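> Contents of run-v6.cif (mmCIF, N, CA and C atoms) are given next:
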```cif
data_upload
#
loop_
_atom_site.label_atom_id
_atom_site.label_comp_id
_atom_site.auth_asym_id
_atom_site.auth_seq_id
_atom_site.Cartn_x
_atom_site.Cartn_y
_atom_site.Cartn_z
N MET A 1 0.65 -28.75 -10.12
CA MET A 1 0.85 -27.48 -9.43
C MET A 1 1.15 -27.78 -7.98
N ALA A 2 1.99 -27.00 -7.39
CA ALA A 2 2.47 -27.24 -6.05
C ALA A 2 1.79 -26.34 -5.03
N ILE A 3 0.45 -26.19 -5.16
CA ILE A 3 -0.31 -25.37 -4.23
C ILE A 3 -1.47 -26.20 -3.69
N ASN A 4 -1.59 -26.21 -2.36
CA ASN A 4 -2.69 -26.89 -1.70
C ASN A 4 -3.44 -25.85 -0.87
N VAL A 5 -4.76 -25.75 -1.07
CA VAL A 5 -5.57 -24.79 -0.32
C VAL A 5 -6.46 -25.57 0.63
N ILE A 6 -6.36 -25.26 1.92
CA ILE A 6 -7.16 -25.89 2.95
C ILE A 6 -8.16 -24.87 3.45
N SER A 7 -9.44 -25.18 3.30
CA SER A 7 -10.51 -24.27 3.70
C SER A 7 -11.07 -24.70 5.04
N GLU A 8 -10.97 -23.83 6.03
CA GLU A 8 -11.54 -24.07 7.35
C GLU A 8 -12.46 -22.91 7.68
N PRO A 9 -13.42 -23.09 8.58
CA PRO A 9 -14.33 -21.98 8.90
C PRO A 9 -13.62 -20.74 9.44
N SER A 10 -12.52 -20.91 10.16
CA SER A 10 -11.84 -19.76 10.76
C SER A 10 -10.70 -19.19 9.92
N ARG A 11 -10.23 -19.97 8.96
CA ARG A 11 -9.09 -19.52 8.17
C ARG A 11 -8.96 -20.32 6.88
N ILE A 12 -8.19 -19.75 5.96
CA ILE A 12 -7.80 -20.43 4.73
C ILE A 12 -6.29 -20.59 4.81
N VAL A 13 -5.82 -21.79 4.56
CA VAL A 13 -4.38 -22.07 4.60
C VAL A 13 -3.93 -22.42 3.19
N ILE A 14 -2.91 -21.72 2.73
CA ILE A 14 -2.33 -21.98 1.42
C ILE A 14 -0.95 -22.56 1.66
N GLU A 15 -0.75 -23.80 1.22
CA GLU A 15 0.53 -24.48 1.39
C GLU A 15 1.19 -24.65 0.04
N LEU A 16 2.43 -24.21 -0.04
CA LEU A 16 3.21 -24.33 -1.26
C LEU A 16 4.21 -25.46 -1.11
N SER A 17 4.57 -26.06 -2.23
CA SER A 17 5.60 -27.10 -2.20
C SER A 17 6.42 -27.03 -3.48
N GLY A 18 7.54 -27.72 -3.48
CA GLY A 18 8.39 -27.81 -4.67
C GLY A 18 8.84 -26.46 -5.21
N ALA A 19 8.67 -26.30 -6.51
CA ALA A 19 9.12 -25.08 -7.20
C ALA A 19 8.41 -23.83 -6.68
N ALA A 20 7.19 -23.98 -6.20
CA ALA A 20 6.45 -22.83 -5.68
C ALA A 20 7.16 -22.24 -4.47
N ILE A 21 7.69 -23.09 -3.61
CA ILE A 21 8.44 -22.59 -2.44
C ILE A 21 9.68 -21.84 -2.90
N LEU A 22 10.39 -22.40 -3.85
CA LEU A 22 11.61 -21.75 -4.35
C LEU A 22 11.30 -20.41 -4.99
N GLY A 23 10.20 -20.35 -5.75
CA GLY A 23 9.85 -19.11 -6.42
C GLY A 23 9.33 -18.04 -5.48
N ALA A 24 8.48 -18.43 -4.54
CA ALA A 24 7.85 -17.46 -3.65
C ALA A 24 8.64 -17.23 -2.37
N LEU A 25 9.55 -18.14 -2.06
CA LEU A 25 10.29 -18.12 -0.80
C LEU A 25 9.34 -18.09 0.39
N ARG A 26 8.23 -18.81 0.23
CA ARG A 26 7.23 -18.99 1.29
C ARG A 26 6.77 -20.44 1.24
N ARG A 27 6.44 -20.98 2.36
CA ARG A 27 5.93 -22.35 2.42
C ARG A 27 4.44 -22.36 2.72
N ARG A 28 3.98 -21.34 3.46
CA ARG A 28 2.60 -21.36 3.96
C ARG A 28 2.09 -19.94 4.19
N ILE A 29 0.83 -19.72 3.89
CA ILE A 29 0.16 -18.46 4.16
C ILE A 29 -1.18 -18.78 4.81
N GLU A 30 -1.50 -18.09 5.89
CA GLU A 30 -2.80 -18.26 6.53
C GLU A 30 -3.56 -16.94 6.44
N VAL A 31 -4.83 -17.04 6.04
CA VAL A 31 -5.68 -15.86 5.91
C VAL A 31 -6.92 -16.09 6.77
N PRO A 32 -7.16 -15.22 7.77
CA PRO A 32 -8.37 -15.37 8.58
C PRO A 32 -9.61 -15.21 7.70
N SER A 33 -10.59 -16.07 7.91
CA SER A 33 -11.82 -16.03 7.11
C SER A 33 -12.52 -14.69 7.19
N LYS A 34 -12.49 -14.05 8.36
CA LYS A 34 -13.19 -12.77 8.53
C LYS A 34 -12.60 -11.66 7.66
N SER A 35 -11.36 -11.83 7.21
CA SER A 35 -10.74 -10.78 6.38
C SER A 35 -10.96 -10.99 4.88
N ILE A 36 -11.56 -12.11 4.50
CA ILE A 36 -11.80 -12.38 3.07
C ILE A 36 -13.07 -11.67 2.63
N SER A 37 -12.94 -10.76 1.67
CA SER A 37 -14.11 -10.02 1.19
C SER A 37 -14.72 -10.63 -0.06
N SER A 38 -13.92 -11.33 -0.88
CA SER A 38 -14.48 -12.00 -2.05
C SER A 38 -13.53 -13.07 -2.56
N VAL A 39 -14.12 -14.06 -3.24
CA VAL A 39 -13.37 -15.13 -3.88
C VAL A 39 -13.97 -15.31 -5.27
N SER A 40 -13.10 -15.31 -6.29
CA SER A 40 -13.60 -15.47 -7.65
C SER A 40 -12.61 -16.26 -8.50
N VAL A 41 -13.12 -16.75 -9.61
CA VAL A 41 -12.28 -17.41 -10.61
C VAL A 41 -12.29 -16.50 -11.83
N ARG A 42 -11.10 -16.14 -12.30
CA ARG A 42 -11.00 -15.23 -13.44
C ARG A 42 -10.00 -15.77 -14.45
N PRO A 43 -10.17 -15.39 -15.71
CA PRO A 43 -9.13 -15.73 -16.70
C PRO A 43 -7.81 -15.08 -16.28
N ARG A 44 -6.74 -15.85 -16.37
CA ARG A 44 -5.44 -15.34 -15.93
C ARG A 44 -5.05 -14.05 -16.63
N ASN A 45 -5.35 -13.94 -17.92
CA ASN A 45 -4.92 -12.75 -18.66
C ASN A 45 -5.74 -11.51 -18.32
N GLU A 46 -6.80 -11.64 -17.49
CA GLU A 46 -7.59 -10.49 -17.07
C GLU A 46 -7.24 -10.00 -15.67
N VAL A 47 -6.34 -10.70 -14.99
CA VAL A 47 -5.93 -10.29 -13.64
C VAL A 47 -4.60 -9.55 -13.77
N HIS A 48 -4.65 -8.25 -13.45
CA HIS A 48 -3.46 -7.41 -13.61
C HIS A 48 -3.10 -6.74 -12.29
N TRP A 49 -1.86 -6.43 -12.17
CA TRP A 49 -1.35 -5.67 -11.04
C TRP A 49 -1.11 -4.26 -11.53
N ASP A 50 -1.79 -3.29 -10.93
CA ASP A 50 -1.71 -1.92 -11.42
C ASP A 50 -0.66 -1.07 -10.72
N GLY A 51 0.06 -1.65 -9.78
CA GLY A 51 1.06 -0.89 -9.05
C GLY A 51 2.46 -1.20 -9.54
N ALA A 52 3.42 -0.68 -8.81
CA ALA A 52 4.83 -0.95 -9.14
C ALA A 52 5.12 -2.43 -8.92
N TRP A 53 5.93 -3.02 -9.78
CA TRP A 53 6.22 -4.43 -9.68
C TRP A 53 7.38 -4.71 -8.74
N LEU A 54 7.29 -4.14 -7.55
CA LEU A 54 8.30 -4.39 -6.54
C LEU A 54 8.07 -5.79 -5.98
N ARG A 55 8.99 -6.67 -6.24
CA ARG A 55 8.87 -8.08 -5.87
C ARG A 55 9.75 -8.34 -4.66
N LEU A 56 9.12 -8.66 -3.53
CA LEU A 56 9.87 -8.86 -2.29
C LEU A 56 9.32 -10.03 -1.49
N PRO A 57 9.78 -11.19 -1.49
CA PRO A 57 10.62 -11.83 -2.48
C PRO A 57 9.74 -12.49 -3.54
N GLY A 58 10.35 -12.99 -4.57
CA GLY A 58 9.57 -13.68 -5.60
C GLY A 58 10.36 -13.96 -6.85
N ALA A 59 9.68 -14.58 -7.80
CA ALA A 59 10.28 -14.92 -9.09
C ALA A 59 9.27 -14.62 -10.19
N TYR A 60 9.75 -14.10 -11.29
CA TYR A 60 8.87 -13.74 -12.40
C TYR A 60 9.56 -14.03 -13.72
N LEU A 61 8.88 -14.78 -14.57
CA LEU A 61 9.33 -15.05 -15.92
C LEU A 61 8.10 -14.82 -16.80
N PRO A 62 8.07 -13.75 -17.60
CA PRO A 62 6.86 -13.37 -18.34
C PRO A 62 6.22 -14.53 -19.10
N GLY A 63 4.91 -14.70 -18.85
CA GLY A 63 4.15 -15.74 -19.52
C GLY A 63 4.37 -17.14 -18.99
N VAL A 64 5.27 -17.31 -18.02
CA VAL A 64 5.59 -18.64 -17.52
C VAL A 64 5.25 -18.78 -16.03
N ILE A 65 5.87 -17.98 -15.17
CA ILE A 65 5.59 -18.06 -13.73
C ILE A 65 5.55 -16.66 -13.13
N ARG A 66 4.79 -16.56 -12.08
CA ARG A 66 4.79 -15.37 -11.23
C ARG A 66 4.54 -15.87 -9.82
N TYR A 67 5.58 -15.92 -9.03
CA TYR A 67 5.50 -16.39 -7.65
C TYR A 67 6.00 -15.29 -6.75
N GLY A 68 5.35 -15.12 -5.60
CA GLY A 68 5.89 -14.26 -4.58
C GLY A 68 5.01 -13.10 -4.19
N SER A 69 5.61 -12.21 -3.41
CA SER A 69 4.93 -11.05 -2.86
C SER A 69 5.30 -9.83 -3.70
N TYR A 70 4.28 -9.05 -4.03
CA TYR A 70 4.47 -7.86 -4.86
C TYR A 70 3.87 -6.65 -4.17
N GLY A 71 4.55 -5.51 -4.29
CA GLY A 71 4.04 -4.27 -3.73
C GLY A 71 4.38 -4.11 -2.26
N LEU A 72 3.95 -2.97 -1.72
CA LEU A 72 4.21 -2.64 -0.33
C LEU A 72 2.94 -2.18 0.36
N GLY A 73 2.93 -2.30 1.67
CA GLY A 73 1.83 -1.78 2.47
C GLY A 73 0.47 -2.32 2.09
N SER A 74 -0.48 -1.41 1.96
CA SER A 74 -1.87 -1.81 1.69
C SER A 74 -2.07 -2.32 0.28
N ARG A 75 -1.08 -2.22 -0.58
CA ARG A 75 -1.19 -2.69 -1.97
C ARG A 75 -0.45 -4.02 -2.18
N ARG A 76 -0.02 -4.65 -1.12
CA ARG A 76 0.76 -5.89 -1.22
C ARG A 76 -0.13 -7.04 -1.70
N GLU A 77 0.39 -7.84 -2.62
CA GLU A 77 -0.32 -8.98 -3.18
C GLU A 77 0.59 -10.19 -3.17
N PHE A 78 -0.03 -11.37 -3.15
CA PHE A 78 0.71 -12.62 -3.27
C PHE A 78 0.24 -13.32 -4.52
N TRP A 79 1.19 -13.75 -5.36
CA TRP A 79 0.90 -14.47 -6.61
C TRP A 79 1.61 -15.81 -6.60
N ALA A 80 0.89 -16.84 -7.00
CA ALA A 80 1.47 -18.18 -7.22
C ALA A 80 0.78 -18.73 -8.46
N VAL A 81 1.28 -18.34 -9.63
CA VAL A 81 0.62 -18.63 -10.89
C VAL A 81 1.65 -19.11 -11.90
N THR A 82 1.27 -20.13 -12.66
CA THR A 82 2.09 -20.55 -13.79
C THR A 82 1.27 -20.31 -15.06
N ARG A 83 1.09 -21.30 -15.88
CA ARG A 83 0.43 -21.10 -17.17
C ARG A 83 -1.06 -21.48 -17.16
N GLN A 84 -1.72 -21.45 -16.03
CA GLN A 84 -3.13 -21.78 -15.96
C GLN A 84 -3.96 -20.78 -16.78
N SER A 85 -5.06 -21.25 -17.33
CA SER A 85 -5.93 -20.33 -18.07
C SER A 85 -6.85 -19.58 -17.12
N GLU A 86 -7.15 -20.17 -15.95
CA GLU A 86 -7.98 -19.51 -14.94
C GLU A 86 -7.28 -19.56 -13.59
N VAL A 87 -7.48 -18.51 -12.80
CA VAL A 87 -6.86 -18.44 -11.48
C VAL A 87 -7.91 -18.09 -10.43
N VAL A 88 -7.63 -18.44 -9.19
CA VAL A 88 -8.48 -18.07 -8.06
C VAL A 88 -7.95 -16.74 -7.52
N VAL A 89 -8.85 -15.79 -7.34
CA VAL A 89 -8.49 -14.47 -6.81
C VAL A 89 -9.21 -14.30 -5.48
N ILE A 90 -8.44 -14.12 -4.42
CA ILE A 90 -8.98 -13.93 -3.07
C ILE A 90 -8.70 -12.48 -2.67
N GLU A 91 -9.74 -11.70 -2.50
CA GLU A 91 -9.61 -10.30 -2.08
C GLU A 91 -9.79 -10.25 -0.56
N THR A 92 -8.94 -9.47 0.11
CA THR A 92 -9.04 -9.35 1.56
C THR A 92 -9.25 -7.89 1.96
N SER A 93 -9.82 -7.71 3.14
CA SER A 93 -10.06 -6.37 3.65
C SER A 93 -9.01 -5.94 4.66
N GLU A 94 -8.24 -6.89 5.16
CA GLU A 94 -7.18 -6.59 6.12
C GLU A 94 -6.16 -7.71 6.11
N GLY A 95 -5.03 -7.49 6.73
CA GLY A 95 -4.00 -8.51 6.80
C GLY A 95 -2.78 -8.16 5.96
N THR A 96 -1.91 -9.13 5.79
CA THR A 96 -0.66 -8.93 5.08
C THR A 96 -0.87 -8.62 3.60
N TYR A 97 -1.81 -9.31 2.97
CA TYR A 97 -2.04 -9.15 1.54
C TYR A 97 -3.44 -8.63 1.26
N ARG A 98 -3.57 -7.74 0.29
CA ARG A 98 -4.90 -7.27 -0.12
C ARG A 98 -5.53 -8.20 -1.14
N ARG A 99 -4.68 -8.98 -1.82
CA ARG A 99 -5.18 -9.92 -2.81
C ARG A 99 -4.20 -11.07 -2.94
N LEU A 100 -4.76 -12.28 -3.12
CA LEU A 100 -3.95 -13.46 -3.39
C LEU A 100 -4.44 -14.03 -4.71
N VAL A 101 -3.52 -14.31 -5.61
CA VAL A 101 -3.85 -14.85 -6.94
C VAL A 101 -3.18 -16.22 -7.03
N LEU A 102 -4.00 -17.27 -7.17
CA LEU A 102 -3.48 -18.63 -7.10
C LEU A 102 -3.82 -19.42 -8.35
N GLY A 103 -2.83 -20.07 -8.91
CA GLY A 103 -3.04 -20.98 -10.02
C GLY A 103 -3.12 -22.39 -9.47
N VAL A 104 -4.30 -22.95 -9.46
CA VAL A 104 -4.52 -24.29 -8.90
C VAL A 104 -5.12 -25.19 -9.98
N GLY A 105 -5.08 -26.48 -9.75
CA GLY A 105 -5.58 -27.45 -10.73
C GLY A 105 -7.07 -27.35 -10.99
N ASP A 106 -7.86 -27.09 -9.96
CA ASP A 106 -9.31 -26.99 -10.06
C ASP A 106 -9.77 -25.66 -9.46
N PRO A 107 -9.65 -24.57 -10.20
CA PRO A 107 -9.97 -23.26 -9.62
C PRO A 107 -11.42 -23.14 -9.16
N HIS A 108 -12.36 -23.70 -9.90
CA HIS A 108 -13.77 -23.60 -9.48
C HIS A 108 -14.03 -24.39 -8.21
N GLY A 109 -13.41 -25.55 -8.09
CA GLY A 109 -13.54 -26.35 -6.88
C GLY A 109 -12.95 -25.66 -5.67
N VAL A 110 -11.77 -25.08 -5.83
CA VAL A 110 -11.11 -24.38 -4.72
C VAL A 110 -11.91 -23.15 -4.31
N ALA A 111 -12.36 -22.36 -5.29
CA ALA A 111 -13.16 -21.17 -4.97
C ALA A 111 -14.46 -21.56 -4.27
N GLY A 112 -15.09 -22.63 -4.72
CA GLY A 112 -16.32 -23.09 -4.07
C GLY A 112 -16.09 -23.55 -2.65
N ALA A 113 -14.99 -24.27 -2.42
CA ALA A 113 -14.66 -24.75 -1.07
C ALA A 113 -14.38 -23.58 -0.14
N ILE A 114 -13.66 -22.57 -0.61
CA ILE A 114 -13.37 -21.40 0.22
C ILE A 114 -14.66 -20.66 0.54
N THR A 115 -15.50 -20.45 -0.46
CA THR A 115 -16.77 -19.74 -0.26
C THR A 115 -17.64 -20.49 0.75
N ALA A 116 -17.71 -21.80 0.62
CA ALA A 116 -18.51 -22.60 1.56
C ALA A 116 -17.95 -22.55 2.97
N ALA A 117 -16.63 -22.57 3.11
CA ALA A 117 -16.00 -22.57 4.42
C ALA A 117 -16.17 -21.25 5.15
N ILE A 118 -16.11 -20.14 4.42
CA ILE A 118 -16.21 -18.84 5.09
C ILE A 118 -17.65 -18.37 5.26
N GLY A 119 -18.59 -19.09 4.61
CA GLY A 119 -20.01 -18.77 4.76
C GLY A 119 -20.38 -17.58 3.97
#
```
So, in terms of structure tokens, how does the structure I just supplied come out?

Amino acid sequence: MAINVISEPSRIVIELSGAAILGALRRRIEVPSKSISSVSVRPRNEVHWDGAWLRLPGAYLPGVIRYGSYGLGSRREFWAVTRQSEVVVIETSEGTYRRLVLGVGDPHGVAGAITAAIG
């Protein structure tokens, strides 16, 4: 997977590489720690987007990949997911995205590192 999550006390940095950059048309996202309201690991098939699937920009192939930004305004989300069985879900209270859904190699490790970093 082409996603690297760096957990720092003041922020979380999500770095994309390879196909993830092409799909999401983003290389990096920074989220201030103070805006993170929760971090969890969930089965991929239980994480749904309930709004319009307005993709700006992004790539979507059902059951295969979902990369990019979805929705507008306060309902905007970022997805970087392929065929993982579990994903990391980061809920925010403010900022560009209300939720980030990430498919990483070790979702429990990444969620634990983020939780530890933000206190």
> Can you pull out every residue within 10 Å of Ser40 (chain A), counting only C-alpha atoms, but drop anything in the same chain fewer than 5 positions away, and send it as a ChimeraX atom specification?
/A:87-91,101,107-108,110-112,114-115
> Using the selection just defined, write its residues with N, CA and C atoms as a CSV table (one decimal), in the frame of the given file.

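So part_38.csv came out as:
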```
chain,number,residue,atom,x,y,z
A,87,VAL,N,-7.5,-18.5,-12.8
A,87,VAL,CA,-6.9,-18.4,-11.5
A,87,VAL,C,-7.9,-18.1,-10.4
A,88,VAL,N,-7.6,-18.4,-9.2
A,88,VAL,CA,-8.5,-18.1,-8.1
A,88,VAL,C,-8.0,-16.7,-7.5
A,89,VAL,N,-8.8,-15.8,-7.3
A,89,VAL,CA,-8.5,-14.5,-6.8
A,89,VAL,C,-9.2,-14.3,-5.5
A,90,ILE,N,-8.4,-14.1,-4.4
A,90,ILE,CA,-9.0,-13.9,-3.1
A,90,ILE,C,-8.7,-12.5,-2.7
A,91,GLU,N,-9.7,-11.7,-2.5
A,91,GLU,CA,-9.6,-10.3,-2.1
A,91,GLU,C,-9.8,-10.2,-0.6
A,101,VAL,N,-3.5,-14.3,-5.6
A,101,VAL,CA,-3.8,-14.8,-6.9
A,101,VAL,C,-3.2,-16.2,-7.0
A,107,PRO,N,-9.6,-24.6,-10.2
A,107,PRO,CA,-10.0,-23.3,-9.6
A,107,PRO,C,-11.4,-23.1,-9.2
A,108,HIS,N,-12.4,-23.7,-9.9
A,108,HIS,CA,-13.8,-23.6,-9.5
A,108,HIS,C,-14.0,-24.4,-8.2
A,110,VAL,N,-11.8,-25.1,-5.8
A,110,VAL,CA,-11.1,-24.4,-4.7
A,110,VAL,C,-11.9,-23.2,-4.3
A,111,ALA,N,-12.4,-22.4,-5.3
A,111,ALA,CA,-13.2,-21.2,-5.0
A,111,ALA,C,-14.5,-21.6,-4.3
A,112,GLY,N,-15.1,-22.6,-4.7
A,112,GLY,CA,-16.3,-23.1,-4.1
A,112,GLY,C,-16.1,-23.6,-2.6
A,114,ILE,N,-13.7,-22.6,-0.6
A,114,ILE,CA,-13.4,-21.4,0.2
A,114,ILE,C,-14.7,-20.7,0.5
A,115,THR,N,-15.5,-20.4,-0.5
A,115,THR,CA,-16.8,-19.7,-0.3
A,115,THR,C,-17.6,-20.5,0.8
```
> Please identify which residues in chain A DSSP calls helix (DSSP H, G or I) from the backbone, and express them as a PyMOL selection string.
chain A and resi 19-24+33-35+44-46+73-75+107-118
> Hey, which of A:Leu102, A:Val31, A:Val39, A:Ile21 ends up closest to Glu8 (chain A)? Count only C-alpha atoms.
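Closest to Glu8 (chain A), using only C-alpha atoms: A:Val31.
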> Please compute the atom C of Gly58 (chain A)-atom C of Ser7 (chain A) distance, one decimal, in Å.
26.8 Å
> Run the PyMOL selection byres ((chain A and resi 56) around 6) mentally over the shown coordinates, then write out the matched residues as a PyMOL selection string, using the chain letters and numbers from the document.
chain A and resi 54-55+57-58+68-71
> If I put a ball of radius 7 Å at (-3.8, -20.3, 8.3) in the file's coordinates, which residues poke into it when counting only N, CA and C atoms, written as a ChimeraX atom specification?
/A:11-14,29-32
> Between A:Gly109, A:Gly103, A:Arg98, A:Pro62, which has the minimum distance to Ala2 (chain A) (counting all atoms listed in the file)?
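Between A:Gly109, A:Gly103, A:Arg98, A:Pro62, the residue approaching Ala2 (chain A) most closely is A:Gly103.
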> Taking the point (-0.1, -14.1, -5.7) as given in the file, collect each protein or nucleic acid residue that comes within 6 Å of it, counting only C-alpha atoms, and present the set as a short mmCIF file (atom, residue, chain, number, x, y, z; two decimals) with N, CA and C atoms, in the coordinates of the input.

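As a result, out.cif now contains:
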```cif
data_model
loop_
_atom_site.label_atom_id
_atom_site.label_comp_id
_atom_site.auth_asym_id
_atom_site.auth_seq_id
_atom_site.Cartn_x
_atom_site.Cartn_y
_atom_site.Cartn_z
N GLU A 77 0.39 -7.84 -2.62
CA GLU A 77 -0.32 -8.98 -3.18
C GLU A 77 0.59 -10.19 -3.17
N PHE A 78 -0.03 -11.37 -3.15
CA PHE A 78 0.71 -12.62 -3.27
C PHE A 78 0.24 -13.32 -4.52
N TRP A 79 1.19 -13.75 -5.36
CA TRP A 79 0.90 -14.47 -6.61
C TRP A 79 1.61 -15.81 -6.60
N ALA A 80 0.89 -16.84 -7.00
CA ALA A 80 1.47 -18.18 -7.22
C ALA A 80 0.78 -18.73 -8.46
N LEU A 100 -4.76 -12.28 -3.12
CA LEU A 100 -3.95 -13.46 -3.39
C LEU A 100 -4.44 -14.03 -4.71
N VAL A 101 -3.52 -14.31 -5.61
CA VAL A 101 -3.85 -14.85 -6.94
C VAL A 101 -3.18 -16.22 -7.03
N LEU A 102 -4.00 -17.27 -7.17
CA LEU A 102 -3.48 -18.63 -7.10
C LEU A 102 -3.82 -19.42 -8.35
#
```
> Could you state which residues are captured by the PyMOL selection byres ((chain A and resi 37) around 5) in this file, as an NGL selection string?
:A and (35-36 or 38-39 or 91-93)
> For CA of Gly119 (chain A) and CA of Leu16 (chain A), determine how far apart the two atoms are, in Å to one decimal place.
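Between these atoms lies a distance of 24.6 Å.
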> Can you pull out every residue from chain A that DSSP, working from the backbone, puts in strand (DSSP E or B), and format the result as a ChimeraX atom specification?
/A:3-7,11-16,28-32,36-43,55-61,65-70,77-81,86-92,99-102
> Could you state the separation of CA of Val64 (chain A) and CA of Asn4 (chain A) in Å, given to one decimal place?
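Going from CA of Val64 (chain A) over to CA of Asn4 (chain A), I get 19.7 Å.
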> Determine the nearest neighbour of Ser85 (chain A) from the options A:Val5, A:Leu25, A:Leu72, A:Val41, counting only C-alpha atoms.
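Of all the options, A:Val41 lies closest to Ser85 (chain A).
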